[in-house]
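Read the structure below first, then the notes.
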Amino acid sequence: MNPQAPDRRATGCGLLAILLWASLALLTTLTAGLPPFQVLATGFGVAGLLGLAHAATRGRAGWRALRQPPAALALTTTALFGYHALYFIALKRAPALEANLLNYLWPLLIVLFAGFLPGVRVRGGQWLGTLLGLAAAVVLVTRGSAVSIRADYLPGYAAALGAAVIWAAYSVLNRRHADVPSAAIALPCVLVAVLGAAAHAAFETTVQPEPGQWLALLGMGVGPVGAAFLLWDIGTKRGDIALLGSLSYLAPLLSTLLLVIAGQAQPHASQAIAIALLLLGAWLSVRKPAH
């Protein structure tokens, strides 16, 4: 891959993906009572079918856009399914607080891994902004309470950390496949839906969604699971990957604020502290150094 300057529009696409992911927690609360892998299979099924439908409207050009090297298909499918599967396991094997904190290491890991890409230079402001974002996530998740590490939760901790590593590695390695059209992500979404359905059949009991839950699942497939992964693909392939890593901490903050606005979570002073830390971190991340 030849080093090239990041595309601003691609970076903007990545930022839009982050903003869409902020709606995932709220939509997930609306699917309460549905098994996790059933939700995963349905959400990615909707995304995959929408991608295939879009390809069909473009005729031969649309179907050609789905073609990709086996390595690219394997990377995306493994990352999308592996991340979500490990995250679900983490929430089952460890307390949600500690699991989410370890999972929120993925933006920091993206910035760390990005430094190894040819032609990518991580600025000091981006490092500091990312660390402030991590601090904001810690404040947001813990609300100032203590975090206890227990040996019996180690499998859950390992799964949460594994999910973070997988997503960060995918976001950086995806740049190696910049020549693959982003529309090709429809095929991995279909495969993830199939894998999710298999895991659901093996480990869960099907629950018939209510009308409101169907709407939430459709919203997932269109937004934070569908369009978001397409936009993230564009951003990681051609955008400023280090900046996107720094700004990714917007997702947990905006997610919490949406839950508060929707009445699904209570406002807390820690949220104001997290906002201040994140705004400062975002400013440092996007600020160009003086020459």
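Residues in the structure tokens are numbered from 1 in each chain, the chains being A, B, ... in the order shown, and ligands are numbered from 1 in the order shown.
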
**OP:** Give me the residues within 7 Å of Ala186 (chain A) as an NGL selection string, counting only C-alpha atoms and dropping any in the same chain fewer than 6 places off.
**Re:** :A and (48 or 51-52)

For the selection you just gave me, I'd like the residues written to a file as a PDB file, in the first residue's frame, keeping C-alpha atoms.
ATOM      1  CA  GLY A  48     -26.680  -7.642   4.577  1.00  0.00           C
ATOM      2  CA  GLY A  51     -26.485  -4.231   0.839  1.00  0.00           C
ATOM      3  CA  LEU A  52     -27.437  -7.009  -1.571  1.00  0.00           C
TER       4      LEU A  52
END

Original post:
Counting only C-alpha atoms, which of A:Arg175, A:Arg143, A:Arg8, A:His84 gets nearest to Gly119 (chain A)?
Top reply: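 Selected residue with least distance to Gly119 (chain A): A:Arg175.
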
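Checking A:Tyr249, A:Trp283, A:Trp214, A:Tyr153 one by one against Thr42 (chain A), counting only C-alpha atoms, you find the shortest gap at A:Trp214.
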
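Residue nearest Leu254 (chain A), chosen from A:Ala216, A:Ala137, A:Leu231, A:Leu131 and counting only C-alpha atoms: A:Ala137.
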
Subject >> Top pick for closest residue to Gln208 (chain A), considering A:Ala178, A:Ala32, A:Ala22, A:Leu280 and counting only C-alpha atoms >> reply: A:Ala32

**OP:** Quick one: everything within 6 Å of region 190-193 of chain A, counting only C-alpha atoms, minus sequence neighbours fewer than 3 positions away in the same chain. Send it as a ChimeraX atom specification.
**Re:** /A:41,44-45,48,81,187,196

Original post:
CA of Ala17 (chain A) and CA of Val180 (chain A), how far apart in Å?
Top reply: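 Separating CA of Val180 (chain A) from CA of Ala17 (chain A) is a distance of 18.6 Å.
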
Original post:
If we count only C-alpha atoms, what is near Arg123 (chain A) at a cut-off of 10 Å, once residues fewer than 2 positions away on the same chain are taken out, given as an NGL selection string?
Top reply: :A and (111 or 115 or 120-121 or 125-129 or 242-243 or 284-289)

Residues as selected, N, CA and C atoms, written as an mmCIF file, in the first residue's frame, can you do that?
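In the end it all went to selection.cif:
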data_model
loop_
_atom_site.group_PDB
_atom_site.id
_atom_site.type_symbol
_atom_site.label_atom_id
_atom_site.label_comp_id
_atom_site.auth_asym_id
_atom_site.auth_seq_id
_atom_site.Cartn_x
_atom_site.Cartn_y
_atom_site.Cartn_z
ATOM 1 N N VAL A 111 -5.220 3.990 17.934
ATOM 2 C CA VAL A 111 -4.172 5.010 17.846
ATOM 3 C C VAL A 111 -2.796 4.360 17.977
ATOM 4 N N GLY A 115 0.169 3.807 14.536
ATOM 5 C CA GLY A 115 1.547 4.271 14.456
ATOM 6 C C GLY A 115 2.452 3.336 13.675
ATOM 7 N N VAL A 120 1.639 6.939 8.269
ATOM 8 C CA VAL A 120 0.754 7.463 9.316
ATOM 9 C C VAL A 120 1.590 7.953 10.490
ATOM 10 N N ARG A 121 1.384 9.209 10.846
ATOM 11 C CA ARG A 121 2.086 9.789 11.990
ATOM 12 C C ARG A 121 1.055 10.223 13.031
ATOM 13 N N GLY A 125 -0.833 15.616 20.145
ATOM 14 C CA GLY A 125 -2.174 16.035 20.542
ATOM 15 C C GLY A 125 -3.186 14.914 20.419
ATOM 16 N N GLN A 126 -2.999 14.047 19.425
ATOM 17 C CA GLN A 126 -3.907 12.916 19.267
ATOM 18 C C GLN A 126 -3.717 11.891 20.380
ATOM 19 N N TRP A 127 -2.457 11.678 20.784
ATOM 20 C CA TRP A 127 -2.205 10.792 21.926
ATOM 21 C C TRP A 127 -2.877 11.328 23.185
ATOM 22 N N LEU A 128 -2.660 12.626 23.452
ATOM 23 C CA LEU A 128 -3.232 13.222 24.660
ATOM 24 C C LEU A 128 -4.753 13.227 24.586
ATOM 25 N N GLY A 129 -5.292 13.546 23.402
ATOM 26 C CA GLY A 129 -6.736 13.547 23.241
ATOM 27 C C GLY A 129 -7.336 12.176 23.458
ATOM 28 N N ALA A 242 -5.755 7.669 12.909
ATOM 29 C CA ALA A 242 -5.387 8.069 14.272
ATOM 30 C C ALA A 242 -6.420 9.035 14.847
ATOM 31 N N LEU A 243 -6.877 9.983 14.029
ATOM 32 C CA LEU A 243 -7.888 10.935 14.486
ATOM 33 C C LEU A 243 -9.196 10.223 14.786
ATOM 34 N N LEU A 284 -7.902 18.772 21.279
ATOM 35 C CA LEU A 284 -6.474 18.474 21.137
ATOM 36 C C LEU A 284 -6.220 17.536 19.958
ATOM 37 N N SER A 285 -7.149 16.621 19.698
ATOM 38 C CA SER A 285 -6.972 15.647 18.626
ATOM 39 C C SER A 285 -7.059 16.288 17.244
ATOM 40 N N VAL A 286 -7.973 17.250 17.078
ATOM 41 C CA VAL A 286 -8.168 17.848 15.756
ATOM 42 C C VAL A 286 -7.301 19.085 15.548
ATOM 43 N N ARG A 287 -6.725 19.602 16.629
ATOM 44 C CA ARG A 287 -5.922 20.815 16.544
ATOM 45 C C ARG A 287 -4.620 20.542 15.800
ATOM 46 N N LYS A 288 -4.359 21.343 14.795
ATOM 47 C CA LYS A 288 -3.117 21.212 14.052
ATOM 48 C C LYS A 288 -1.978 21.886 14.806
ATOM 49 N N PRO A 289 -0.805 21.233 14.875
ATOM 50 C CA PRO A 289 0.315 21.839 15.584
ATOM 51 C C PRO A 289 0.799 23.105 14.873
#

Subject >> Nearby residues (only C-alpha atoms) at most 12 Å from Phe203 (chain A), same-chain spacing under 6 positions excluded, as a ChimeraX atom specification >> reply: /A:35-38,89,196-197
